[in-house]
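One file, entry_15.csv, carrying CSV, C-alpha atoms and all ligand atoms:
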chain,number,residue,atom,x,y,z
O,1,MET,CA,43.2,157.8,141.5
O,2,PRO,CA,45.1,154.8,142.9
O,3,ASP,CA,47.0,156.8,145.5
O,4,ILE,CA,47.9,154.1,148.0
O,5,ILE,CA,51.2,152.3,147.5
O,6,HIS,CA,52.1,149.2,149.4
O,7,VAL,CA,55.8,148.2,149.4
O,8,ASP,CA,56.8,144.8,150.6
O,9,MET,CA,60.3,143.6,150.5
O,10,ASP,CA,60.9,140.2,149.0
O,11,CYS,CA,62.2,137.6,151.6
O,12,PHE,CA,63.6,140.6,153.5
O,13,PHE,CA,65.6,138.9,156.2
O,14,ALA,CA,66.9,136.2,153.9
O,15,ALA,CA,67.7,138.8,151.3
O,16,VAL,CA,69.7,140.8,153.9
O,17,GLU,CA,71.6,137.6,154.9
O,18,VAL,CA,72.5,137.0,151.2
O,19,LYS,CA,73.5,140.6,150.8
O,20,ASP,CA,75.9,140.3,153.7
O,21,ASN,CA,77.2,136.9,152.6
O,22,PRO,CA,77.0,136.6,148.8
O,23,ASP,CA,78.1,133.0,149.0
O,24,LEU,CA,74.5,132.3,150.1
O,25,ALA,CA,73.0,133.5,146.8
O,26,GLY,CA,70.9,130.9,145.1
O,27,LYS,CA,70.8,128.7,148.1
O,28,PRO,CA,67.9,127.8,150.4
O,29,VAL,CA,68.4,130.2,153.2
O,30,ILE,CA,66.1,129.8,156.2
O,31,VAL,CA,66.2,132.5,158.9
O,32,GLY,CA,64.6,132.0,162.3
O,33,ALA,CA,64.9,129.3,165.0
O,34,LEU,CA,67.5,126.6,164.4
O,35,PRO,CA,66.6,123.0,163.8
O,36,GLY,CA,66.3,121.0,167.0
O,37,THR,CA,64.4,123.8,168.7
O,38,ARG,CA,60.6,124.3,168.7
O,39,GLY,CA,60.7,127.8,167.2
O,40,VAL,CA,59.4,128.8,163.8
O,41,VAL,CA,60.9,130.0,160.5
O,42,ALA,CA,60.8,133.8,160.3
O,43,ALA,CA,61.7,134.1,156.7
O,44,CYS,CA,63.3,132.1,153.9
O,45,SER,CA,64.6,132.6,150.4
O,46,TYR,CA,62.6,131.6,147.3
O,47,GLU,CA,65.0,128.7,146.9
O,48,ALA,CA,63.9,127.4,150.2
O,49,ARG,CA,60.2,128.0,149.3
O,50,GLU,CA,60.6,125.6,146.4
O,51,TYR,CA,61.0,122.8,149.1
O,52,GLY,CA,57.7,123.9,150.7
O,53,VAL,CA,59.3,125.9,153.5
O,54,HIS,CA,57.5,129.1,154.5
O,55,SER,CA,57.5,131.6,157.2
O,56,ALA,CA,55.7,130.8,160.5
O,57,MET,CA,56.3,127.0,159.8
O,58,PRO,CA,57.8,125.1,162.7
O,59,VAL,CA,61.5,124.8,162.0
O,60,SER,CA,61.3,121.0,162.7
O,61,ARG,CA,59.0,120.7,159.8
O,62,ALA,CA,61.1,122.9,157.6
O,63,PHE,CA,64.1,120.8,158.4
O,64,LYS,CA,62.3,117.7,157.2
O,65,LYS,CA,61.4,119.3,153.9
O,66,CYS,CA,64.8,120.9,153.4
O,67,PRO,CA,67.5,119.2,155.5
O,68,HIS,CA,70.4,120.7,153.4
O,69,GLY,CA,69.0,124.3,153.9
O,70,ILE,CA,71.2,127.0,155.4
O,71,TYR,CA,69.6,127.7,158.8
O,72,LEU,CA,70.6,131.1,160.3
O,73,ARG,CA,69.7,132.9,163.5
O,74,PRO,CA,68.4,136.4,162.7
O,75,HIS,CA,70.6,139.4,162.7
O,76,GLY,CA,68.0,141.8,164.0
O,77,ASN,CA,70.1,144.9,164.0
O,78,ARG,CA,71.0,144.4,160.4
O,79,TYR,CA,67.4,144.2,159.4
O,80,VAL,CA,66.7,147.4,161.3
O,81,GLU,CA,69.5,149.2,159.5
O,82,GLU,CA,68.3,148.2,156.1
O,83,SER,CA,64.7,149.0,157.1
O,84,GLU,CA,65.7,152.5,158.1
O,85,LYS,CA,67.4,153.1,154.7
O,86,ILE,CA,64.2,152.0,153.0
O,87,ARG,CA,62.0,154.2,155.2
O,88,ALA,CA,64.2,157.2,154.4
O,89,ILE,CA,63.4,156.5,150.7
O,90,PHE,CA,59.7,156.4,151.4
O,91,GLN,CA,59.9,159.7,153.4
O,92,HIS,CA,61.4,161.4,150.4
O,93,TYR,CA,58.2,160.9,148.5
O,94,THR,CA,55.5,161.4,151.2
O,95,PRO,CA,55.3,162.1,154.9
O,96,LEU,CA,52.3,159.7,155.0
O,97,VAL,CA,54.1,156.4,155.6
O,98,GLU,CA,52.6,153.7,157.7
O,99,PRO,CA,55.1,150.9,158.4
O,100,LEU,CA,53.5,147.5,159.1
O,101,SER,CA,56.7,145.9,160.0
O,102,LEU,CA,60.4,146.3,159.2
O,103,ASP,CA,59.9,145.2,155.6
O,104,GLU,CA,56.5,146.6,154.5
O,105,ALA,CA,54.7,149.9,154.6
O,106,PHE,CA,51.7,151.8,153.2
O,107,LEU,CA,52.3,155.1,151.5
O,108,ASP,CA,49.7,157.7,150.7
O,109,VAL,CA,51.0,159.7,147.7
O,110,SER,CA,47.9,161.7,147.0
O,111,GLY,CA,49.7,164.9,147.8
O,112,SER,CA,53.0,164.0,146.0
O,113,HIS,CA,52.0,164.2,142.3
O,114,ARG,CA,53.1,167.7,141.5
O,115,LEU,CA,56.6,167.0,142.8
O,116,PHE,CA,57.0,163.4,141.8
O,117,GLY,CA,54.5,162.4,139.1
O,118,THR,CA,51.8,159.8,139.1
O,119,SER,CA,51.4,157.1,141.7
O,120,VAL,CA,52.7,154.6,139.3
O,121,GLU,CA,55.8,156.7,138.6
O,122,ILE,CA,56.4,157.2,142.3
O,123,GLY,CA,56.0,153.4,142.8
O,124,HIS,CA,58.6,152.7,140.2
O,125,ALA,CA,61.0,155.4,141.5
O,126,ILE,CA,60.8,153.9,145.0
O,127,LYS,CA,61.3,150.4,143.8
O,128,ASP,CA,64.3,151.4,141.7
O,129,ARG,CA,65.9,153.5,144.5
O,130,ILE,CA,65.5,150.6,147.0
O,131,LYS,CA,67.3,148.3,144.5
O,132,THR,CA,70.1,150.8,143.8
O,133,GLU,CA,70.6,152.0,147.4
O,134,THR,CA,70.3,148.8,149.3
O,135,GLY,CA,70.6,146.1,146.6
O,136,LEU,CA,67.4,144.6,147.9
O,137,VAL,CA,64.3,143.8,145.9
O,138,ALA,CA,60.8,145.1,146.7
O,139,SER,CA,57.4,144.2,145.4
O,140,VAL,CA,55.0,147.1,144.9
O,141,GLY,CA,51.2,147.4,144.7
O,142,VAL,CA,49.5,150.6,143.6
O,143,ALA,CA,45.7,150.9,144.3
O,144,PRO,CA,42.9,153.2,145.5
O,145,THR,CA,42.8,151.5,149.0
O,146,LYS,CA,45.1,149.9,151.5
O,147,PHE,CA,43.4,146.5,151.2
O,148,VAL,CA,43.8,146.3,147.4
O,149,ALA,CA,47.3,147.7,147.4
O,150,LYS,CA,48.4,145.1,149.9
O,151,ILE,CA,47.0,142.3,147.8
O,152,ALA,CA,48.5,143.8,144.6
O,153,SER,CA,52.0,143.9,146.0
O,154,ASP,CA,51.8,140.2,146.9
O,155,LEU,CA,50.4,139.1,143.6
O,156,GLU,CA,53.4,139.0,141.4
O,157,LYS,CA,56.1,138.4,144.0
O,158,PRO,CA,59.1,138.4,143.8
O,159,ASP,CA,60.0,141.6,142.0
O,160,GLY,CA,56.4,142.4,141.4
O,161,PHE,CA,54.7,145.7,140.4
O,162,VAL,CA,50.9,145.6,140.1
O,163,VAL,CA,48.7,148.6,139.5
O,164,VAL,CA,44.9,148.4,140.1
O,165,ASN,CA,42.9,151.4,139.0
O,166,LYS,CA,39.7,152.4,140.7
O,167,ASP,CA,37.4,151.0,138.0
O,168,GLU,CA,39.3,147.7,138.0
O,169,VAL,CA,39.0,147.0,141.7
O,170,LEU,CA,35.9,144.7,141.6
O,171,ASP,CA,37.1,142.7,138.6
O,172,PHE,CA,40.5,142.4,140.2
O,173,LEU,CA,39.2,141.2,143.5
O,174,ARG,CA,36.5,138.7,142.3
O,175,PRO,CA,38.6,135.8,141.2
O,176,LEU,CA,41.0,136.0,144.1
O,177,ASP,CA,41.2,133.4,146.9
O,178,ALA,CA,39.2,134.5,149.9
O,179,ARG,CA,42.3,133.8,152.0
O,180,LYS,CA,43.9,136.8,150.4
O,181,ILE,CA,41.7,139.0,152.5
O,182,TRP,CA,44.0,140.7,154.9
O,183,GLY,CA,43.3,139.7,158.5
O,184,VAL,CA,41.2,136.6,157.7
O,185,GLY,CA,42.6,134.0,160.0
O,186,LYS,CA,42.4,130.2,159.6
O,187,ALA,CA,39.3,129.9,161.7
O,188,THR,CA,37.4,132.4,159.6
O,189,TRP,CA,38.7,130.8,156.4
O,190,LYS,CA,37.4,127.4,157.6
O,191,LYS,CA,33.9,128.9,158.2
O,192,LEU,CA,33.9,130.6,154.8
O,193,GLU,CA,35.0,127.4,153.2
O,194,ARG,CA,32.1,125.5,154.9
O,195,LEU,CA,29.8,128.1,153.4
O,196,GLY,CA,31.3,127.4,150.0
O,197,LEU,CA,32.8,130.9,149.8
O,198,LYS,CA,36.1,130.3,148.1
O,199,THR,CA,36.8,133.5,146.3
O,200,ILE,CA,36.4,137.2,147.2
O,201,GLY,CA,33.7,137.3,144.5
O,202,ASP,CA,31.8,134.5,146.4
O,203,ILE,CA,31.9,136.7,149.5
O,204,ALA,CA,30.8,139.8,147.6
O,205,ASP,CA,27.7,137.9,146.3
O,206,PHE,CA,26.8,136.4,149.7
O,207,PRO,CA,24.1,138.3,151.6
O,208,ALA,CA,25.6,140.9,153.9
O,209,GLU,CA,23.1,140.1,156.7
O,210,GLU,CA,24.1,136.5,156.7
O,211,LEU,CA,27.8,137.4,156.9
O,212,GLU,CA,27.0,139.6,159.9
O,213,ARG,CA,25.0,136.9,161.5
O,214,MET,CA,27.8,134.4,161.2
O,215,PHE,CA,30.8,136.6,161.9
O,216,GLY,CA,29.5,139.6,163.8
O,217,LYS,CA,30.9,143.0,162.9
O,218,HIS,CA,33.8,141.2,161.2
O,219,GLY,CA,31.2,139.9,158.7
O,220,VAL,CA,30.3,143.5,157.7
O,221,HIS,CA,33.9,144.3,157.3
O,222,LEU,CA,34.4,141.2,155.0
O,223,HIS,CA,31.4,142.2,152.9
O,224,ASN,CA,32.8,145.8,152.5
O,225,LEU,CA,36.2,144.6,151.6
O,226,ALA,CA,34.9,142.1,149.1
O,227,HIS,CA,33.1,145.1,147.5
O,228,GLY,CA,36.3,147.1,147.4
O,229,ILE,CA,35.2,149.3,150.2
O,230,ASP,CA,38.0,150.1,152.6
O,231,ALA,CA,37.9,153.5,154.4
O,232,ARG,CA,41.1,152.9,156.3
O,233,SER,CA,43.6,155.7,155.8
O,234,VAL,CA,47.3,155.5,155.9
O,235,GLU,CA,48.3,156.4,159.4
O,236,PRO,CA,51.8,157.7,159.7
O,237,GLU,CA,53.7,156.5,162.8
O,238,SER,CA,54.0,160.0,164.3
O,239,GLU,CA,50.2,160.4,164.2
O,240,ARG,CA,49.3,156.9,165.2
O,241,LYS,CA,48.0,157.1,168.6
O,242,GLN,CA,46.6,154.2,170.6
O,243,VAL,CA,45.7,153.3,174.0
O,244,GLY,CA,46.6,149.7,174.9
O,245,ASN,CA,47.4,147.3,177.6
O,246,GLU,CA,48.9,143.8,177.5
O,247,HIS,CA,49.6,141.0,179.8
O,248,THR,CA,52.2,138.3,179.7
O,249,PHE,CA,51.1,135.1,181.5
O,250,GLY,CA,53.4,133.9,184.3
O,251,GLU,CA,53.3,130.5,182.6
O,252,ASP,CA,52.1,130.0,179.0
O,253,THR,CA,48.5,128.9,179.2
O,254,GLY,CA,46.2,126.8,177.1
O,255,ASP,CA,43.2,127.7,179.3
O,256,MET,CA,41.0,129.8,177.1
O,257,VAL,CA,38.7,130.7,180.0
O,258,GLU,CA,41.7,132.3,181.7
O,259,VAL,CA,42.8,134.0,178.4
O,260,GLU,CA,39.3,135.5,177.9
O,261,ARG,CA,39.1,136.6,181.5
O,262,THR,CA,42.4,138.3,181.2
O,263,LEU,CA,41.3,140.0,178.0
O,264,LEU,CA,38.2,141.3,179.7
O,265,ALA,CA,40.4,142.8,182.5
O,266,LEU,CA,42.6,144.4,179.8
O,267,CYS,CA,39.6,145.9,178.0
O,268,ASP,CA,38.5,147.3,181.3
O,269,LYS,CA,41.9,149.0,181.8
O,270,VAL,CA,41.9,150.4,178.3
O,271,ALA,CA,38.4,151.7,178.6
O,272,GLY,CA,39.4,153.4,181.9
O,273,ARG,CA,42.3,155.2,180.2
O,274,LEU,CA,40.2,156.2,177.2
O,275,TYR,CA,37.6,157.6,179.6
O,276,LYS,CA,40.3,159.7,181.3
O,277,LYS,CA,41.4,161.1,178.0
O,278,GLY,CA,37.9,161.6,176.8
O,279,CYS,CA,38.6,159.6,173.7
O,280,LYS,CA,36.7,157.2,171.6
O,281,GLY,CA,38.4,155.0,169.0
O,282,ARG,CA,37.2,153.2,165.9
O,283,THR,CA,39.8,150.5,165.7
O,284,VAL,CA,40.2,147.7,168.2
O,285,THR,CA,43.4,145.7,167.9
O,286,LEU,CA,44.1,142.3,169.5
O,287,LYS,CA,47.7,141.1,170.0
O,288,LEU,CA,48.5,137.5,170.7
O,289,ARG,CA,51.8,135.8,171.2
O,290,ASP,CA,52.0,132.1,171.4
O,291,GLU,CA,54.5,129.8,173.1
O,292,THR,CA,56.7,129.8,170.1
O,293,PHE,CA,56.9,133.6,170.4
O,294,ARG,CA,55.0,134.0,167.2
O,295,THR,CA,53.1,137.3,167.5
O,296,VAL,CA,50.0,138.2,165.6
O,297,THR,CA,47.9,141.3,165.6
O,298,ARG,CA,44.3,141.4,164.4
O,299,ALA,CA,42.4,144.6,164.1
O,300,HIS,CA,38.8,145.5,163.4
O,301,THR,CA,37.7,149.0,162.4
O,302,LEU,CA,34.1,150.0,163.2
O,303,ASP,CA,31.9,152.6,161.6
O,304,SER,CA,31.3,154.3,164.9
O,305,PRO,CA,33.8,154.8,167.7
O,306,VAL,CA,33.8,152.8,170.9
O,307,MET,CA,35.0,153.5,174.4
O,308,THR,CA,33.3,151.2,176.9
O,309,ALA,CA,34.9,148.1,178.2
O,310,GLU,CA,32.0,146.0,177.0
O,311,ASP,CA,32.2,147.2,173.4
O,312,ILE,CA,35.9,146.8,173.3
O,313,TYR,CA,35.7,143.3,174.8
O,314,HIS,CA,33.0,142.3,172.4
O,315,ILE,CA,35.2,143.1,169.4
O,316,ALA,CA,38.4,141.8,170.9
O,317,LEU,CA,36.7,138.5,171.9
O,318,ASP,CA,35.4,138.1,168.3
O,319,LEU,CA,39.0,138.6,167.0
O,320,LEU,CA,40.4,136.1,169.6
O,321,ARG,CA,37.8,133.4,168.9
O,322,ASN,CA,38.5,133.8,165.2
O,323,GLU,CA,42.1,133.1,165.6
O,324,ASP,CA,43.4,129.6,165.1
O,325,LEU,CA,45.9,129.0,167.8
O,326,ARG,CA,47.0,125.7,166.3
O,327,GLY,CA,46.8,124.1,169.7
O,328,LEU,CA,49.6,126.3,171.0
O,329,LYS,CA,49.6,127.9,174.4
O,330,VAL,CA,49.2,131.7,174.8
O,331,ARG,CA,52.1,133.6,176.2
O,332,LEU,CA,50.8,137.2,175.9
O,333,ILE,CA,47.6,138.9,175.1
O,334,GLY,CA,47.0,142.6,174.5
O,335,VAL,CA,44.3,144.9,173.4
O,336,SER,CA,44.4,148.5,172.1
O,337,VAL,CA,42.1,151.1,170.7
O,338,SER,CA,43.2,153.5,168.0
O,339,GLY,CA,41.6,155.6,165.3
O,340,PHE,CA,40.5,158.4,167.6
O,341,ASP,CA,38.1,161.2,166.9
O,342,GLU,CA,39.5,164.6,165.8
O,343,ASN,CA,38.4,166.2,169.1
O,344,CYS,CA,40.4,163.7,171.1
O,345,GLN,CA,43.4,165.1,173.0
O,346,THR,CA,46.4,164.7,170.7
O,347,SER,CA,49.3,164.3,173.0
O,348,LEU,CA,48.6,160.8,174.4
O,349,PHE,CA,52.3,160.2,174.9
O,350,ASP,CA,55.0,162.7,175.5
O,351,ALA,CA,57.6,162.5,172.8
O,352,GLY,CA,60.2,160.8,175.0
O,353,SER,CA,58.1,157.9,176.2
O,354,GLU,CA,56.7,157.4,172.7
O,355,ARG,CA,60.2,157.0,171.3
O,356,LYS,CA,61.1,154.6,174.1
O,357,GLU,CA,57.9,152.6,173.4
O,358,LYS,CA,58.8,152.4,169.8
O,359,VAL,CA,62.2,151.0,170.4
O,360,GLU,CA,60.8,148.5,172.9
O,361,GLU,CA,58.2,147.5,170.5
O,362,LEU,CA,60.7,146.9,167.7
O,363,LEU,CA,62.9,144.8,170.0
O,364,ASP,CA,59.9,143.0,171.2
O,365,ASN,CA,58.8,142.2,167.7
O,366,ILE,CA,62.2,140.8,166.8
O,367,ARG,CA,62.3,138.7,170.0
O,368,GLY,CA,58.8,137.7,169.5
O,369,ARG,CA,59.2,136.5,166.0
O,370,PHE,CA,62.5,134.7,166.4
O,371,GLY,CA,62.6,133.7,170.0
O,372,LYS,CA,64.1,135.3,173.1
O,373,GLY,CA,67.8,134.9,172.1
O,374,ALA,CA,67.4,136.6,168.7
O,375,ILE,CA,69.0,139.8,169.6
O,376,THR,CA,71.5,138.8,172.3
O,377,ARG,CA,72.9,135.5,171.3
O,378,ALA,CA,75.1,136.6,168.4
O,379,SER,CA,77.6,133.9,169.2
O,380,LEU,CA,75.1,131.2,168.2
O,381,ILE,CA,74.7,132.9,164.8
O,382,TYR,CA,78.4,133.0,164.0
O,383,LYS,CA,78.8,129.4,165.0
O,384,ARG,CA,76.0,128.4,162.7
O,385,LYS,CA,77.4,130.5,159.9
O,386,GLY,CA,80.8,128.9,160.3
O,387,LYS,CA,79.2,125.5,160.1
O,388,THR,CA,77.2,126.1,157.0
O,389,LYS,CA,80.2,127.4,155.2
O,390,GLU,CA,82.0,124.1,155.4
T,401,MG,MG,58.0,141.0,152.9
Can I see the file as structure tokens?
Ligand SMILES: [Mg+2]
Amino acid sequence: MPDIIHVDMDCFFAAVEVKDNPDLAGKPVIVGALPGTRGVVAACSYEAREYGVHSAMPVSRAFKKCPHGIYLRPHGNRYVEESEKIRAIFQHYTPLVEPLSLDEAFLDVSGSHRLFGTSVEIGHAIKDRIKTETGLVASVGVAPTKFVAKIASDLEKPDGFVVVNKDEVLDFLRPLDARKIWGVGKATWKKLERLGLKTIGDIADFPAEELERMFGKHGVHLHNLAHGIDARSVEPESERKQVGNEHTFGEDTGDMVEVERTLLALCDKVAGRLYKKGCKGRTVTLKLRDETFRTVTRAHTLDSPVMTAEDIYHIALDLLRNEDLRGLKVRLIGVSVSGFDENCQTSLFDAGSERKEKVEELLDNIRGRFGKGAITRASLIYKRKGKTKE
């Protein structure tokens, strides 16, 4: 049964801006840093995409492609409000909701059929309710695994609805561009390209040992994903426990030796904390923020849990070296371990500090994606809006 649903809002931030100011409908709306700064585009409308603008693109480049675009600073609080409405809809259908960001989440609906019908019916109900209750459009993927559900939701954007049944997974994956594999960064893609591996099917046919030799444990993961194997379960926020540490450099650094040394020190701290709790985890997550405040997280899940600094470092370093930093300096690096054993102590955080951490994380995400002033400098946004209305 395809019991995993991935819901991804279409151009979420730009769509909220249009909702709040209907005059913007049908126009190239670009949310993020303003032209003249070195920040990046956080989101843009489909009209802007037609000019070749996309998220994570430096805004200077976006401006060259689309000088008449409507450039807006983000209204972080509004996105959070709309996101909460959408999450409440998810929660109505299943408690197993794993948000990936403000505008996308995985849902496990395997226990919801008696009350709400098939996964496909639930997917449609959610999509319809989001449209009715928020006026925003979501794309939905329904599949047996997280990996396939995420690809499916993206495939027919905007306003997409793609269902992949279990016996269709391999045929569905084979022709797709290898770049569709979730978590494959530019560096890995380049290596795959050099090997002539262009589609997911090419990767599936490639000897697993070779992949492992070239990409380490990441290679095994690639092989499994290409064969439709993805054991990752939907982890609701309330149950998602992790032990992590991060470091913000005093000055952004391009010195990778320093970055790797810092990473090792962080792995050491994390291992120490895991040891105290008597926990081992299967997932190692690397967090990187570059000088433009773009933040990426890359995770790798292992077959057997790890807890030593050496093991964690080995995987985190693999993830780091796989990441194409585009010549940008590193501002922050972090590493965390999650996916703990059953016998691990459950209360890693007391409820209060967890909530605080969540709010901090959310604010940090918004600041991270749009630059330091994103939340505080409302005056800038209004000025800009005034200008664009003229
Ligand atoms: Mg989205």
Would you mind listing, for every residue of chain O within 7 Å of ligand MG 401 (chain T), the two atoms forming the shortest contact and the distance between them in Å to one decimal, using all atoms listed in the file, sorted by chain and ascending residue number, as a Markdown table?
| residue | atom | partner | partner_atom | distance |
| --- | --- | --- | --- | --- |
| O:Asp8 | CA | T:MG401 | MG | 4.6 |
| O:Met9 | CA | T:MG401 | MG | 4.2 |
| O:Asp10 | CA | T:MG401 | MG | 4.9 |
| O:Cys11 | CA | T:MG401 | MG | 5.6 |
| O:Phe12 | CA | T:MG401 | MG | 5.6 |
| O:Asp103 | CA | T:MG401 | MG | 5.3 |
| O:Glu104 | CA | T:MG401 | MG | 6.0 |
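Proximity to Ile229 in chain O was assessed for O:Arg78, O:Lys65, O:Arg87, O:Lys146 counting all atoms listed in the file; the smallest distance is recorded for O:Lys146.
The smallest atom-to-atom distance between Ser153 in chain O and any of O:Arg73, O:Ser45, O:Asp268, O:Phe106, using all atoms listed in the file, is found for O:Phe106.
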> For Gly111 in chain O, which of O:Asp3, O:Val29, O:Ile130, O:His54 is the closest residue, counting only C-alpha atoms?
Replying inline: O:Asp3
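Shell of Ala43 in chain O at 10 Å, with all atoms listed in the file counted and residues fewer than 6 places along the chain excluded, is Asp10, Cys11, Phe12, Phe13, Ala14, Ala15, Val29, Ile30, Val31, Gly32, Arg49, Val53, His54, Ser55, Ala56, Met57, Pro74, Arg369 and Phe370 of chain O.
Distance check against Gly135 in chain O using all atoms listed in the file: of O:Lys85, O:Arg282, O:Val41, O:Tyr275, the minimum falls on O:Lys85.
Taking CA of Leu34 in chain O and CA of Asn77 in chain O as endpoints, the distance between them is 18.5 Å.
For range 242-252 of chain O, the non-local neighbours within 6 Å, defined as residues at least 2 positions apart in the same chain or in other chains and counting all atoms listed in the file, are Val270, Lys329, Val330, Arg331, Leu332, Ile333, Gly334, Val335, Ser336, Val337 and Ser338 of chain O.
Interatomic distance, CA of Leu102 in chain O against CA of Gly339 in chain O: 21.8 Å.
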>> Between CA of Ile5 in chain O and CA of Ala42 in chain O, what distance in Å does the model show, to one decimal?
In response: 24.5 Å
>> Taking 2 positions as the minimum chain separation for residues in the same chain, which residues sit within 12 Å of Val7 in chain O when counting all atoms listed in the file? Answer as an MDAnalysis selection string.
In response: chainID O and resid 4:5 9:10 12 83 86:87 89:90 97:108 122:128 130 137:143 146 149:154 157:162
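Closest approach to Lys198 in chain O among O:Arg174, O:Arg114, O:Arg213, O:Arg321 is made by O:Arg174 (distances from only C-alpha atoms).
Using all atoms listed in the file, the smallest distance between any of O:Glu121, O:Glu81, O:Asp177, O:Asp167 and Leu155 in chain O comes from O:Asp177.
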>> Quick one: residues within 6 Å of range 293-307 of chain O, all atoms listed in the file, excluding same-chain residues fewer than 2 positions away - as a ChimeraX atom specification?
In response: /O:271,280-291,368-369,371
> In file coordinates, which residues lie within 9 Å of (40.9, 153.9, 156.9) using all atoms listed in the file, given as a PyMOL selection string?
Replying inline: chain O and resi 145-146+230-235+301+339
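Every protein, DNA or RNA residue with an atom at most 9 Å from Cys66 in chain O, where all atoms listed in the file count and chain neighbours fewer than 6 positions away do not, is listed here: Pro28, Ala48, Tyr51, Gly52 and Val53 of chain O.
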